[in-house]
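To keep things clear, I will list the structure first and then write my remarks on it.
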Amino acid sequence: MTQPSLSPNSVPTHVAVIMDGNGRWARSRGLERIEGHWQGYRTLKRIVYAADDLGVRYLTVYGFSSENWRRPEGEVSGLMSLMAAAMRAEIEELVQNGIRVRVIGRIPDLPPDLQREFEIAMERTRHYTGMTFSLAINYGGRAEITDAVRRIAEAVRDGQIDVGDINEAEIARRLYAPDIPDPDLLIRTAGELRLSNFLLWQSAYAEMWVTPVFWPDFTPELLMEALEAFGKRTRRFGAVVE
């Protein structure tokens, strides 16, 4: 992708994406839902490198929520196989482009072969300083906060901190990826207007941009449109801006 002309304010440091509409995309074409997920993976590949070209430093995508286990068994197993195959297929290109891979969520609950692919990708790219590409897998915002609270309770029990020391910073540093800044821009496809339990703590002041386009049809041009819209907004963070 050719580097476009964007104002500095139009390039958020961290973009988060809820990739919605794979199943509906497939149904509208008379295909099985898993075909929509495969097409969604192809779209994701294009968007990862487009975001990198545009100067985005962190890209986090909602790949599989903790609630997605409720879907039909065949779809869930197909998604697990897809993710493992995709990680195997893409790791060399990610390495060549210096992109750091992170996976956040309750990873120990995933199939062992998928855990292994994620571990390999994270280990091979952990020292890279290019864009950080994070996959939220078996992820839920409430589960993440619950896990952080549990770690704080254990620290209090073990005498590492006092109850009076608990503040927002203590909670934030016990989230799954405390070294990654909060998202500046949250993109959601397929027209839905909700967070769906994604990055609840981190998205407190994220700007939202929603498109009716299903994720498999999302393009680098739409990503550009989202960034341009972001650049025109005034971020107040609760303050008054004259």
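Quick note on naming: the chains in the structure tokens go A, B, ... in the order shown, residues restart at 1 in each chain, and ligands are numbered from 1 in order of appearance.
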_Quick check for you: according to DSSP on this backbone, which residues of stretch 79-181 of chain A are classed as alpha helix (DSSP H)? Reply as a VMD selection string._
chain A and resid 79 to 96 112 to 125 141 to 157 168 to 172
Show me a table, sorted first by chain and then by increasing residue number, of the residues of stretch 166-238 of chain A having an atom at most 6 Å from stretch 6-17 of chain A, each with its shortest atom pair and the distance in Å to one decimal, counting only C-alpha atoms and written as CSV.
residue,atom,partner,partner_atom,distance
A:Pro183,CA,A:His14,CA,4.7
A:Asp184,CA,A:His14,CA,5.4
A:Leu185,CA,A:Val15,CA,5.0
A:Leu186,CA,A:Ala16,CA,4.7
A:Ile187,CA,A:Val17,CA,4.7
A:Arg188,CA,A:Val17,CA,5.8
A:Leu227,CA,A:Ser10,CA,5.3
A:Glu228,CA,A:Ser10,CA,5.3
A:Phe230,CA,A:Ser10,CA,5.8
A:Gly231,CA,A:Ser10,CA,3.7
_Show me, as a PyMOL selection string, the residues that have an atom within 7 Å of A:Tyr176 when counting only C-alpha atoms, minus same-chain residues fewer than 3 positions from it._
chain A and resi 104-105+144
*Quick one: DSSP strand (DSSP E) residues in stretch 7-213 of chain A, as a VMD selection string?*
chain A and resid 14 to 18 58 to 65 100 to 104 132 to 139 185 to 188 207 to 210
Write the residues of the preceding selection, restricted to C-alpha atoms, as an mmCIF file, in the first residue's frame.
data_model
loop_
_atom_site.group_PDB
_atom_site.id
_atom_site.type_symbol
_atom_site.label_atom_id
_atom_site.label_comp_id
_atom_site.auth_asym_id
_atom_site.auth_seq_id
_atom_site.Cartn_x
_atom_site.Cartn_y
_atom_site.Cartn_z
ATOM 1 C CA HIS A 14 -3.494 2.375 18.874
ATOM 2 C CA VAL A 15 -6.391 1.123 16.752
ATOM 3 C CA ALA A 16 -8.716 -1.584 18.063
ATOM 4 C CA VAL A 17 -11.112 -3.453 15.772
ATOM 5 C CA ILE A 18 -14.247 -5.497 16.399
ATOM 6 C CA TYR A 58 -0.568 -0.874 17.860
ATOM 7 C CA LEU A 59 -3.392 -2.844 16.237
ATOM 8 C CA THR A 60 -5.640 -5.005 18.436
ATOM 9 C CA VAL A 61 -8.385 -7.165 16.920
ATOM 10 C CA TYR A 62 -11.190 -9.139 18.546
ATOM 11 C CA GLY A 63 -10.611 -12.619 17.175
ATOM 12 C CA PHE A 64 -12.635 -14.878 19.484
ATOM 13 C CA SER A 65 -14.576 -13.782 22.535
ATOM 14 C CA ARG A 100 5.420 -7.984 16.941
ATOM 15 C CA VAL A 101 2.673 -10.508 17.724
ATOM 16 C CA ARG A 102 0.781 -10.540 21.020
ATOM 17 C CA VAL A 103 -2.141 -12.703 22.103
ATOM 18 C CA ILE A 104 -4.370 -11.623 24.989
ATOM 19 C CA THR A 132 2.453 -4.552 17.645
ATOM 20 C CA PHE A 133 -0.357 -6.750 16.350
ATOM 21 C CA SER A 134 -2.468 -8.115 19.205
ATOM 22 C CA LEU A 135 -5.071 -10.849 18.875
ATOM 23 C CA ALA A 136 -7.760 -10.998 21.550
ATOM 24 C CA ILE A 137 -8.562 -14.723 21.703
ATOM 25 C CA ASN A 138 -10.841 -16.334 24.287
ATOM 26 C CA TYR A 139 -11.026 -12.776 25.505
ATOM 27 C CA LEU A 185 -9.734 4.593 17.917
ATOM 28 C CA LEU A 186 -12.167 1.675 18.084
ATOM 29 C CA ILE A 187 -13.521 0.474 14.731
ATOM 30 C CA ARG A 188 -16.560 -1.783 14.505
ATOM 31 C CA GLU A 207 -13.151 7.337 19.745
ATOM 32 C CA MET A 208 -15.593 4.997 17.981
ATOM 33 C CA TRP A 209 -16.069 4.641 14.241
ATOM 34 C CA VAL A 210 -18.741 2.274 12.933
#
*asked:* Env of A:Leu94: 10 Å cut, atoms = only C-alpha atoms, seq-sep filter 3 positions within chain, self excluded. Answer as JSON, numbers by chain.
replied: {"A": [45, 48, 49, 87, 89, 90, 91, 97, 98, 99, 100, 101, 121, 124, 125, 133]}
So that I have them on file, write out the residues from the current selection with N, CA and C atoms, as an mmCIF file, in the first residue's frame.
data_model
loop_
_atom_site.group_PDB
_atom_site.id
_atom_site.type_symbol
_atom_site.label_atom_id
_atom_site.label_comp_id
_atom_site.auth_asym_id
_atom_site.auth_seq_id
_atom_site.Cartn_x
_atom_site.Cartn_y
_atom_site.Cartn_z
ATOM 1 N N LYS A 45 -5.473 -9.910 7.056
ATOM 2 C CA LYS A 45 -4.092 -9.840 6.571
ATOM 3 C C LYS A 45 -3.842 -8.514 5.851
ATOM 4 N N VAL A 48 -3.773 -5.580 8.469
ATOM 5 C CA VAL A 48 -2.568 -5.534 9.309
ATOM 6 C C VAL A 48 -1.469 -4.749 8.602
ATOM 7 N N TYR A 49 -1.221 -5.064 7.334
ATOM 8 C CA TYR A 49 -0.126 -4.397 6.632
ATOM 9 C C TYR A 49 -0.501 -2.976 6.217
ATOM 10 N N MET A 87 -1.973 -18.696 11.660
ATOM 11 C CA MET A 87 -0.756 -18.287 12.355
ATOM 12 C C MET A 87 0.463 -18.974 11.741
ATOM 13 N N ALA A 89 0.691 -19.966 8.639
ATOM 14 C CA ALA A 89 0.879 -19.449 7.285
ATOM 15 C C ALA A 89 1.471 -18.046 7.270
ATOM 16 N N GLU A 90 1.178 -17.243 8.288
ATOM 17 C CA GLU A 90 1.538 -15.830 8.250
ATOM 18 C C GLU A 90 2.801 -15.462 9.016
ATOM 19 N N ILE A 91 3.297 -16.353 9.845
ATOM 20 C CA ILE A 91 4.386 -15.969 10.742
ATOM 21 C C ILE A 91 5.626 -15.482 9.994
ATOM 22 N N ASN A 97 8.414 -8.450 8.146
ATOM 23 C CA ASN A 97 7.978 -7.062 8.268
ATOM 24 C C ASN A 97 8.222 -6.478 9.655
ATOM 25 N N GLY A 98 8.847 -7.264 10.543
ATOM 26 C CA GLY A 98 9.192 -6.751 11.865
ATOM 27 C C GLY A 98 8.004 -6.447 12.744
ATOM 28 N N ILE A 99 6.894 -7.163 12.537
ATOM 29 C CA ILE A 99 5.680 -6.929 13.319
ATOM 30 C C ILE A 99 5.670 -7.838 14.546
ATOM 31 N N ARG A 100 5.458 -7.241 15.686
ATOM 32 C CA ARG A 100 5.420 -7.984 16.941
ATOM 33 C C ARG A 100 4.025 -8.558 17.159
ATOM 34 N N VAL A 101 3.946 -9.828 17.504
ATOM 35 C CA VAL A 101 2.673 -10.508 17.724
ATOM 36 C C VAL A 101 2.421 -10.679 19.213
ATOM 37 N N ALA A 121 4.804 -17.744 17.633
ATOM 38 C CA ALA A 121 4.739 -16.421 17.006
ATOM 39 C C ALA A 121 5.185 -15.333 17.976
ATOM 40 N N ARG A 124 9.045 -15.591 18.574
ATOM 41 C CA ARG A 124 9.859 -15.188 17.430
ATOM 42 C C ARG A 124 9.844 -13.676 17.211
ATOM 43 N N THR A 125 8.802 -12.999 17.667
ATOM 44 C CA THR A 125 8.671 -11.566 17.365
ATOM 45 C C THR A 125 8.779 -10.673 18.598
ATOM 46 N N PHE A 133 0.919 -6.191 16.794
ATOM 47 C CA PHE A 133 -0.357 -6.750 16.350
ATOM 48 C C PHE A 133 -0.849 -7.700 17.434
#
_Residues near A:Pro112, anyone? I mean within 12 Å using only C-alpha atoms, not counting same-chain ones fewer than 5 positions away, as a list in words._
Met80, Ser81, Ala84, Ile107, Glu117, Phe118 and Glu119 of chain A
Store the residues picked out above in a file with N, CA and C atoms, as a short mmCIF file (atom, residue, chain, number, x, y, z; two decimals), in the first residue's frame.
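Once written, part.cif looks like this:
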data_model
loop_
_atom_site.label_atom_id
_atom_site.label_comp_id
_atom_site.auth_asym_id
_atom_site.auth_seq_id
_atom_site.Cartn_x
_atom_site.Cartn_y
_atom_site.Cartn_z
N MET A 80 -11.02 -22.64 15.54
CA MET A 80 -9.75 -23.01 16.17
C MET A 80 -8.75 -23.49 15.12
N SER A 81 -9.23 -24.31 14.19
CA SER A 81 -8.36 -24.81 13.12
C SER A 81 -7.91 -23.67 12.21
N ALA A 84 -5.14 -21.58 13.93
CA ALA A 84 -3.85 -22.26 13.96
C ALA A 84 -3.21 -22.26 12.57
N ILE A 107 -5.64 -17.75 27.47
CA ILE A 107 -5.00 -18.63 26.48
C ILE A 107 -4.92 -20.09 26.94
N GLU A 117 1.07 -22.56 18.46
CA GLU A 117 1.30 -21.64 17.35
C GLU A 117 1.42 -20.20 17.85
N PHE A 118 0.59 -19.84 18.80
CA PHE A 118 0.66 -18.49 19.36
C PHE A 118 1.98 -18.28 20.11
N GLU A 119 2.38 -19.28 20.88
CA GLU A 119 3.63 -19.16 21.63
C GLU A 119 4.83 -18.99 20.70
#
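One distance worth recording is that between atom CA of A:Arg142 and atom CA of A:Ser66, which is 9.8 Å.
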*May I ask for the distance between atom CA of A:Gly238 and atom CA of A:Gly140, given in Å to one decimal place?*
25.7 Å
*Which residue out of A:Tyr205, A:Phe198, A:Trp38, A:Trp215 has the minimum interatomic distance to A:Arg24 when only C-alpha atoms are used?*
A:Trp215
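Using only C-alpha atoms, the shortest contact distance between A:Asp113 and any of A:Ala85, A:Ala177, A:Val56, A:Val156 is found at A:Ala85.
With only C-alpha atoms taken into account, the protein and nucleic acid residues at most 10 Å from A:Asp147 (excluding it and anything under 6 positions from it in its own chain) are A:Arg106, A:Gly141, A:Ala153, A:Ile171, A:Arg174, A:Leu175, A:Tyr176.
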